[in-house]
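One structure is given below, encoded as structure tokens.
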Amino acid sequence: MKLSWPAAIAALAVATTVEAIGPISSVGNKLFTPDGKQFFVKGIAYQLSPDDPLIDTEQCKRDVELMKELGPNTIRVYHVDADKNHDGCMKAFNDAGITALIDLDTFDTYIEPAKPAWTKRMHDRYAEVMDAFIKYDNVLGFFVGNEIISTEAHSQAAPFIKAAVRDMKAHRDAKNYREVPIGYSAADIAELCPMLQDYLTCGGNSSENVDFFALNSYEWCDPSTYETSGYENLQKQAKDFPVPIFFSETGCNVPGPRLFDDQLAIFGPKMRNDWSGAIVYEWIQEENRYGLIQYENPTKEEDVVNGVVRSGTPKPVQPDFDNLKEKWEQVGQPTGVVKDSYDAKHVSVRPCPEATQGGWLVKGNVKLPAVGETFTGTYESVPSATVAPTTAGGDEGTGTAANPASETQNPAAPTKVVFRGMVAGLVGVMLFFTVWF
């Protein structure tokens, strides 16, 4: 069929409405695109296989086509294999204008909260993931951990999280990589999260502080409101936060169906000046019933794991898929400040938190562990204390954890999902949550 000039121009306009975004930068508490526009995360948690969802190019392309209908601009990937090739998938997402947040830890290198350590092996594995993904312009940032701290005793792991940030920044800079943001994804624990977010940004040393802070929160369960959900309190704690803050998981499915009214609040006038968006949990339908799609016609037999199809033709799970699509259409492309007119001095510098009764255990700005150290039961509180990132130790560490808990698994291990490193299903994680209202 021959197109008229007006029709041809209209078709071209549709074809070019989605394009690569390019490297995102972090300035003050905002994210910016290369052309200086503020960037807001509208994301989906994306982990189709236990090891790496970014090595099956054809599956990525099938998912991208449906994502174009839904409207995300970001995916979060919890586990990748640094030794595999990711060019095809990363290009497919880049061509669709979708950035990626990548977790650096692997199944056997996460920081264990009961006996925290930062070994040379962990350091090197994190660095390998960074080396494998830094070449992709649509990598928005890296996480050094996910929900490591979920109980009072676990707060002893905080200096090890900060040590990982310090050393991954040092690796990034030593390799002359672009300044890709490095941050952390926290569990929404009322007695711990406010102290953790302040601790990871305190001390005045940008070389060891996170470039962004993210929160896995399931407080807003429809039907709810900004005031009754607890978001009003989260907003108070995020006011003028010194680095970008956003939700790295959200989307409560109790009682269901999900309405995603929280998206209107996050991207609305009450929150968007301090929050940089949200990632909805999750793309694939699993036992926890959080999925936005389910697969039909699996491409190979081994892609059916524990009864869950992990490849094939993505089909929307309704009405959740359309509900989220509708809310994101209402949100549109949020507008914020322009980089050239943004004054980063307006953010608030937080003091390092002191230990609290029945809560946070780290006393102020403690000396950070070097590579090769494990927790020995005490922290030295020294102003602006740090250990040079070049200090290296043995892989097994130099001490023993004091009073280690019986818990040995990653606290972020899901109770209803087969992949370690993702958030627990809501029924499990809600046991930890204190709703703030």
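Ligands are numbered from 1 in the order shown, chains are lettered A, B, ... in the order of the structure tokens, and residues start at 1 in each chain.
Proximity to segment 94-107 of chain A at 7 Å, evaluated using only C-alpha atoms and with sequence-adjacent residues fewer than 4 positions away removed, yields Val18, Glu19, Ala20, Ile21, Pro72, Asn73, Thr74, Ile75, Arg76, Val77, Tyr78, His79, Met90, Tyr126, Val129, Met130, Asn138, Val139, Leu140, Gly141, Phe142, Phe143, Val144, Gly145 and Arg420 of chain A.
Residues lying within 8 Å of Arg258 of chain A, counting only C-alpha atoms and ignoring same-chain neighbours fewer than 4 positions away, are Cys221, Asp222, Gly251, Cys252, Asn253, Val254, Pro319, Asp320 and Asn323 of chain A.
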Restricting to only C-alpha atoms, whichever of A:Gly22, A:Ala186, A:Leu31, A:Pro113 is closest to Val338 of chain A is A:Leu31
With only C-alpha atoms as the counted atoms, please give the residues lying no more than 12 Å from Ile149 of chain A, apart from itself and same-chain residues fewer than 4 positions off, as a ChimeraX atom specification. /A:110-116,145,153-161,184-193,195-197,215-216,359-361,410-412,432
Residue selection dump (N, CA, C and O atoms) as a short mmCIF file (atom, residue, chain, number, x, y, z; two decimals), in the first residue's frame:
```cif
data_model
loop_
_atom_site.label_atom_id
_atom_site.label_comp_id
_atom_site.auth_asym_id
_atom_site.auth_seq_id
_atom_site.Cartn_x
_atom_site.Cartn_y
_atom_site.Cartn_z
N TYR A 110 26.59 -12.22 48.21
CA TYR A 110 25.89 -11.17 48.94
C TYR A 110 26.46 -11.03 50.35
O TYR A 110 27.08 -11.95 50.90
N ILE A 111 26.26 -9.86 50.94
CA ILE A 111 26.72 -9.61 52.31
C ILE A 111 25.74 -10.26 53.27
O ILE A 111 24.57 -9.91 53.32
N GLU A 112 26.22 -11.23 54.06
CA GLU A 112 25.35 -11.94 55.00
C GLU A 112 25.16 -11.08 56.25
O GLU A 112 26.13 -10.72 56.91
N PRO A 113 23.93 -10.78 56.63
CA PRO A 113 23.71 -9.88 57.75
C PRO A 113 24.08 -10.46 59.11
O PRO A 113 24.47 -9.73 60.01
N ALA A 114 23.97 -11.77 59.26
CA ALA A 114 24.26 -12.38 60.56
C ALA A 114 25.76 -12.43 60.85
O ALA A 114 26.19 -12.38 62.00
N LYS A 115 26.57 -12.52 59.83
CA LYS A 115 28.03 -12.53 59.97
C LYS A 115 28.63 -11.75 58.80
O LYS A 115 29.22 -12.33 57.90
N PRO A 116 28.45 -10.44 58.81
CA PRO A 116 28.86 -9.64 57.66
C PRO A 116 30.36 -9.68 57.42
O PRO A 116 31.16 -9.67 58.35
N GLY A 145 23.58 -4.12 47.12
CA GLY A 145 22.88 -5.05 47.99
C GLY A 145 21.38 -4.82 47.95
O GLY A 145 20.91 -3.74 47.56
N ALA A 153 19.63 -6.74 64.74
CA ALA A 153 20.97 -7.34 64.71
C ALA A 153 21.64 -7.17 63.36
O ALA A 153 22.86 -7.06 63.27
N HIS A 154 20.84 -7.12 62.31
CA HIS A 154 21.40 -6.99 60.97
C HIS A 154 22.02 -5.62 60.71
O HIS A 154 22.82 -5.48 59.77
N SER A 155 21.69 -4.61 61.52
CA SER A 155 22.24 -3.28 61.26
C SER A 155 23.75 -3.27 61.39
O SER A 155 24.41 -2.35 60.90
N GLN A 156 24.33 -4.30 62.02
CA GLN A 156 25.78 -4.38 62.11
C GLN A 156 26.42 -4.55 60.73
O GLN A 156 27.63 -4.36 60.57
N ALA A 157 25.61 -4.89 59.71
CA ALA A 157 26.14 -5.06 58.36
C ALA A 157 26.28 -3.74 57.61
O ALA A 157 26.90 -3.70 56.54
N ALA A 158 25.73 -2.65 58.15
CA ALA A 158 25.72 -1.38 57.42
C ALA A 158 27.11 -0.90 57.01
O ALA A 158 27.29 -0.45 55.87
N PRO A 159 28.13 -0.95 57.89
CA PRO A 159 29.45 -0.51 57.45
C PRO A 159 30.02 -1.36 56.31
O PRO A 159 30.83 -0.86 55.51
N PHE A 160 29.60 -2.61 56.21
CA PHE A 160 30.07 -3.46 55.12
C PHE A 160 29.39 -3.08 53.80
O PHE A 160 30.00 -3.18 52.73
N ILE A 161 28.14 -2.65 53.89
CA ILE A 161 27.47 -2.12 52.70
C ILE A 161 28.21 -0.89 52.20
O ILE A 161 28.49 -0.73 51.00
N TYR A 184 21.95 1.43 46.94
CA TYR A 184 21.52 0.30 47.77
C TYR A 184 20.00 0.24 47.78
O TYR A 184 19.31 1.28 47.72
N SER A 185 19.45 -0.98 47.88
CA SER A 185 18.01 -1.21 47.93
C SER A 185 17.64 -1.75 49.30
O SER A 185 18.08 -2.84 49.69
N ALA A 186 16.83 -1.01 50.05
CA ALA A 186 16.56 -1.31 51.46
C ALA A 186 15.17 -1.88 51.68
O ALA A 186 14.23 -1.59 50.93
N ALA A 187 15.04 -2.67 52.73
CA ALA A 187 13.74 -3.14 53.19
C ALA A 187 13.05 -2.01 53.96
O ALA A 187 13.70 -1.23 54.66
N ASP A 188 11.75 -1.95 53.85
CA ASP A 188 10.97 -0.89 54.51
C ASP A 188 10.67 -1.30 55.95
O ASP A 188 9.59 -1.78 56.28
N ILE A 189 11.66 -1.11 56.80
CA ILE A 189 11.54 -1.44 58.22
C ILE A 189 11.55 -0.13 59.01
O ILE A 189 12.55 0.58 59.05
N ALA A 190 10.43 0.18 59.67
CA ALA A 190 10.26 1.50 60.29
C ALA A 190 11.34 1.81 61.32
O ALA A 190 11.78 2.95 61.45
N GLU A 191 11.77 0.79 62.08
CA GLU A 191 12.74 1.02 63.15
C GLU A 191 14.17 1.13 62.65
O GLU A 191 15.08 1.49 63.41
N LEU A 192 14.41 0.81 61.37
CA LEU A 192 15.78 0.76 60.86
C LEU A 192 16.02 1.63 59.64
O LEU A 192 17.09 2.22 59.50
N CYS A 193 15.05 1.70 58.74
CA CYS A 193 15.28 2.36 57.45
C CYS A 193 15.67 3.83 57.57
O CYS A 193 16.58 4.29 56.87
N MET A 195 17.38 5.35 59.84
CA MET A 195 18.78 5.41 60.24
C MET A 195 19.69 4.92 59.12
O MET A 195 20.75 5.51 58.85
N LEU A 196 19.29 3.87 58.42
CA LEU A 196 20.11 3.33 57.35
C LEU A 196 20.27 4.33 56.21
O LEU A 196 21.39 4.52 55.70
N GLN A 197 19.19 4.97 55.79
CA GLN A 197 19.31 5.90 54.68
C GLN A 197 20.18 7.09 55.06
O GLN A 197 20.93 7.61 54.21
N LEU A 215 14.08 1.97 48.03
CA LEU A 215 13.28 1.35 49.08
C LEU A 215 12.32 0.33 48.50
O LEU A 215 11.58 0.63 47.55
N ASN A 216 12.33 -0.88 49.08
CA ASN A 216 11.33 -1.90 48.75
C ASN A 216 10.17 -1.74 49.73
O ASN A 216 10.29 -2.11 50.89
N GLY A 359 16.77 -0.77 68.28
CA GLY A 359 16.79 -0.51 66.84
C GLY A 359 18.19 -0.53 66.27
O GLY A 359 18.88 -1.53 66.29
N TRP A 360 18.64 0.63 65.82
CA TRP A 360 19.92 0.78 65.12
C TRP A 360 21.10 0.54 66.06
O TRP A 360 21.13 1.06 67.17
N LEU A 361 22.10 -0.24 65.62
CA LEU A 361 23.20 -0.63 66.49
C LEU A 361 24.51 0.09 66.21
O LEU A 361 25.42 0.03 67.03
N ASN A 410 20.34 -15.13 52.87
CA ASN A 410 20.09 -13.73 52.56
C ASN A 410 18.68 -13.36 53.01
O ASN A 410 17.72 -14.02 52.64
N PRO A 411 18.51 -12.31 53.83
CA PRO A 411 17.17 -11.95 54.28
C PRO A 411 16.28 -11.51 53.14
O PRO A 411 15.06 -11.46 53.29
N ALA A 412 16.86 -11.19 52.00
CA ALA A 412 16.04 -10.81 50.86
C ALA A 412 15.52 -12.01 50.10
O ALA A 412 14.79 -11.86 49.14
N PHE A 432 7.49 -8.08 58.86
CA PHE A 432 8.52 -7.17 59.32
C PHE A 432 8.07 -5.71 59.31
O PHE A 432 8.64 -4.86 59.96
#
```
Choose the residue, out of A:Trp328, A:Asp322, A:Pro334, A:Glu65, that has the smallest atom-to-atom separation from Met271 of chain A; count only C-alpha atoms. A:Pro334
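Atom CA of Phe133 of chain A is found 29.4 Å from atom CA of Tyr218 of chain A.
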Could you pull out the strand (DSSP E or B) residues of segment 139-266 of chain A, going by DSSP on the backbone, and write them as number ranges by chain? A: 139-146, 182-187, 212-216, 245-250
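Computed from the coordinates, the atom CA of Val331 of chain A to atom CA of Ala45 of chain A distance equals 19.2 Å.
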Please list as a PyMOL selection string every residue within 10 Å of Tyr199 of chain A, counting only C-alpha atoms and excluding residues in the same chain fewer than 6 positions away. chain A and resi 158-159+162+193+209-210+350-354+362+364-366
For those residues, write N, CA, C and O atoms to a file as an mmCIF file, in the first residue's frame.
```
data_model
loop_
_atom_site.group_PDB
_atom_site.id
_atom_site.type_symbol
_atom_site.label_atom_id
_atom_site.label_comp_id
_atom_site.auth_asym_id
_atom_site.auth_seq_id
_atom_site.Cartn_x
_atom_site.Cartn_y
_atom_site.Cartn_z
ATOM 1 N N ALA A 158 25.734 -2.652 58.152
ATOM 2 C CA ALA A 158 25.721 -1.382 57.421
ATOM 3 C C ALA A 158 27.108 -0.899 57.008
ATOM 4 O O ALA A 158 27.293 -0.453 55.866
ATOM 5 N N PRO A 159 28.130 -0.949 57.890
ATOM 6 C CA PRO A 159 29.454 -0.512 57.450
ATOM 7 C C PRO A 159 30.022 -1.357 56.307
ATOM 8 O O PRO A 159 30.827 -0.864 55.508
ATOM 9 N N LYS A 162 28.551 -0.016 53.134
ATOM 10 C CA LYS A 162 29.240 1.216 52.764
ATOM 11 C C LYS A 162 30.645 0.922 52.235
ATOM 12 O O LYS A 162 31.141 1.609 51.333
ATOM 13 N N CYS A 193 15.052 1.702 58.741
ATOM 14 C CA CYS A 193 15.283 2.363 57.451
ATOM 15 C C CYS A 193 15.669 3.834 57.572
ATOM 16 O O CYS A 193 16.579 4.288 56.867
ATOM 17 N N ASN A 209 29.910 7.223 50.109
ATOM 18 C CA ASN A 209 28.458 7.331 50.261
ATOM 19 C C ASN A 209 27.743 6.863 49.004
ATOM 20 O O ASN A 209 28.280 6.979 47.886
ATOM 21 N N VAL A 210 26.524 6.368 49.167
ATOM 22 C CA VAL A 210 25.734 5.939 48.018
ATOM 23 C C VAL A 210 25.390 7.135 47.137
ATOM 24 O O VAL A 210 25.261 8.265 47.605
ATOM 25 N N ARG A 350 22.626 14.865 56.242
ATOM 26 C CA ARG A 350 22.155 14.175 57.432
ATOM 27 C C ARG A 350 23.331 13.780 58.333
ATOM 28 O O ARG A 350 24.363 13.308 57.836
ATOM 29 N N PRO A 351 23.198 13.941 59.645
ATOM 30 C CA PRO A 351 24.246 13.462 60.552
ATOM 31 C C PRO A 351 24.239 11.936 60.623
ATOM 32 O O PRO A 351 23.207 11.297 60.404
ATOM 33 N N CYS A 352 25.381 11.354 60.927
ATOM 34 C CA CYS A 352 25.433 9.896 61.089
ATOM 35 C C CYS A 352 24.617 9.513 62.322
ATOM 36 O O CYS A 352 24.815 10.082 63.401
ATOM 37 N N PRO A 353 23.692 8.585 62.200
ATOM 38 C CA PRO A 353 22.812 8.247 63.329
ATOM 39 C C PRO A 353 23.567 7.555 64.460
ATOM 40 O O PRO A 353 24.527 6.816 64.234
ATOM 41 N N GLU A 354 23.118 7.811 65.657
ATOM 42 C CA GLU A 354 23.639 7.108 66.830
ATOM 43 C C GLU A 354 22.801 5.853 67.081
ATOM 44 O O GLU A 354 21.701 5.716 66.555
ATOM 45 N N VAL A 362 24.646 0.735 65.064
ATOM 46 C CA VAL A 362 25.920 1.346 64.689
ATOM 47 C C VAL A 362 26.013 2.747 65.293
ATOM 48 O O VAL A 362 25.150 3.589 65.069
ATOM 49 N N GLY A 364 27.264 6.054 65.177
ATOM 50 C CA GLY A 364 27.888 7.169 64.474
ATOM 51 C C GLY A 364 28.680 6.758 63.242
ATOM 52 O O GLY A 364 28.429 5.730 62.610
ATOM 53 N N ASN A 365 29.684 7.571 62.937
ATOM 54 C CA ASN A 365 30.467 7.403 61.720
ATOM 55 C C ASN A 365 31.642 6.468 61.972
ATOM 56 O O ASN A 365 32.783 6.888 62.127
ATOM 57 N N VAL A 366 31.387 5.184 62.012
ATOM 58 C CA VAL A 366 32.405 4.215 62.386
ATOM 59 C C VAL A 366 33.406 3.998 61.250
ATOM 60 O O VAL A 366 33.133 4.277 60.087
#
```
Any idea what the distance is between atom CA of Gly36 of chain A and atom CA of Ile279 of chain A? 22.3 Å
Can you list, as a ChimeraX atom specification, all residues belonging to segment 218-257 of chain A that DSSP tags as helix (DSSP H, G or I)? /A:226-229,231-238
How would the residues just picked look written out with all heavy atoms as a short mmCIF file (atom, residue, chain, number, x, y, z; two decimals), in the first residue's frame?
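File produced: selection_13.cif:
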```cif
data_model
loop_
_atom_site.label_atom_id
_atom_site.label_comp_id
_atom_site.auth_asym_id
_atom_site.auth_seq_id
_atom_site.Cartn_x
_atom_site.Cartn_y
_atom_site.Cartn_z
N TYR A 226 -2.70 8.43 50.27
CA TYR A 226 -1.38 8.96 50.62
C TYR A 226 -1.22 9.02 52.14
O TYR A 226 -0.16 8.68 52.68
CB TYR A 226 -1.23 10.34 49.99
CG TYR A 226 -0.01 11.10 50.40
CD1 TYR A 226 1.25 10.76 49.93
CD2 TYR A 226 -0.13 12.21 51.24
CE1 TYR A 226 2.38 11.50 50.30
CE2 TYR A 226 0.99 12.95 51.61
CZ TYR A 226 2.23 12.59 51.14
OH TYR A 226 3.33 13.32 51.50
N GLU A 227 -2.27 9.44 52.85
CA GLU A 227 -2.19 9.61 54.30
C GLU A 227 -2.27 8.28 55.04
O GLU A 227 -1.52 8.04 55.99
CB GLU A 227 -3.31 10.54 54.78
CG GLU A 227 -3.17 11.99 54.33
CD GLU A 227 -3.61 12.22 52.89
OE1 GLU A 227 -4.27 11.30 52.31
OE2 GLU A 227 -3.31 13.29 52.33
N THR A 228 -3.17 7.40 54.65
CA THR A 228 -3.39 6.17 55.41
C THR A 228 -2.41 5.05 55.05
O THR A 228 -2.23 4.11 55.82
CB THR A 228 -4.83 5.65 55.21
OG1 THR A 228 -5.04 5.37 53.82
CG2 THR A 228 -5.85 6.68 55.68
N SER A 229 -1.76 5.15 53.90
CA SER A 229 -0.85 4.09 53.47
C SER A 229 0.48 4.10 54.20
O SER A 229 1.16 3.09 54.27
CB SER A 229 -0.57 4.23 51.97
OG SER A 229 0.12 5.45 51.72
N TYR A 231 2.69 6.48 53.18
CA TYR A 231 3.53 7.24 52.26
C TYR A 231 3.79 8.65 52.76
O TYR A 231 4.84 9.24 52.47
CB TYR A 231 2.89 7.29 50.87
CG TYR A 231 3.23 6.11 49.99
CD1 TYR A 231 3.31 4.82 50.52
CD2 TYR A 231 3.47 6.27 48.63
CE1 TYR A 231 3.62 3.74 49.71
CE2 TYR A 231 3.77 5.19 47.82
CZ TYR A 231 3.85 3.93 48.37
OH TYR A 231 4.17 2.86 47.57
N GLU A 232 2.86 9.20 53.50
CA GLU A 232 3.06 10.55 54.04
C GLU A 232 4.29 10.58 54.94
O GLU A 232 5.09 11.53 54.90
CB GLU A 232 1.82 11.00 54.80
CG GLU A 232 1.90 12.44 55.30
CD GLU A 232 0.61 12.90 55.95
OE1 GLU A 232 -0.09 12.05 56.56
OE2 GLU A 232 0.29 14.10 55.84
N ASN A 233 4.49 9.54 55.73
CA ASN A 233 5.66 9.47 56.59
C ASN A 233 6.93 9.18 55.81
O ASN A 233 8.00 9.73 56.11
CB ASN A 233 5.46 8.39 57.66
CG ASN A 233 4.42 8.79 58.69
OD1 ASN A 233 4.63 9.68 59.49
ND2 ASN A 233 3.29 8.11 58.65
N LEU A 234 6.84 8.35 54.78
CA LEU A 234 8.00 8.12 53.92
C LEU A 234 8.43 9.41 53.25
O LEU A 234 9.63 9.69 53.10
CB LEU A 234 7.67 7.06 52.86
CG LEU A 234 7.41 5.65 53.36
CD1 LEU A 234 7.07 4.73 52.20
CD2 LEU A 234 8.60 5.10 54.14
N GLN A 235 7.47 10.23 52.85
CA GLN A 235 7.78 11.50 52.23
C GLN A 235 8.50 12.44 53.20
O GLN A 235 9.46 13.13 52.82
CB GLN A 235 6.51 12.15 51.69
CG GLN A 235 6.63 13.64 51.35
CD GLN A 235 7.70 13.94 50.32
OE1 GLN A 235 8.08 13.08 49.54
NE2 GLN A 235 8.21 15.16 50.32
N LYS A 236 8.08 12.46 54.45
CA LYS A 236 8.74 13.31 55.43
C LYS A 236 10.21 12.95 55.58
O LYS A 236 11.07 13.82 55.74
CB LYS A 236 8.02 13.20 56.79
CG LYS A 236 6.64 13.83 56.82
CD LYS A 236 5.96 13.59 58.17
CE LYS A 236 4.55 14.17 58.18
NZ LYS A 236 3.85 13.89 59.48
N GLN A 237 10.50 11.66 55.55
CA GLN A 237 11.88 11.21 55.70
C GLN A 237 12.71 11.43 54.44
O GLN A 237 13.94 11.46 54.49
CB GLN A 237 11.90 9.73 56.08
CG GLN A 237 11.33 9.49 57.47
CD GLN A 237 11.00 8.03 57.72
OE1 GLN A 237 11.31 7.17 56.91
NE2 GLN A 237 10.35 7.76 58.84
N ALA A 238 12.03 11.60 53.30
CA ALA A 238 12.73 11.82 52.04
C ALA A 238 12.89 13.30 51.70
O ALA A 238 13.58 13.63 50.73
CB ALA A 238 11.98 11.12 50.91
#
```
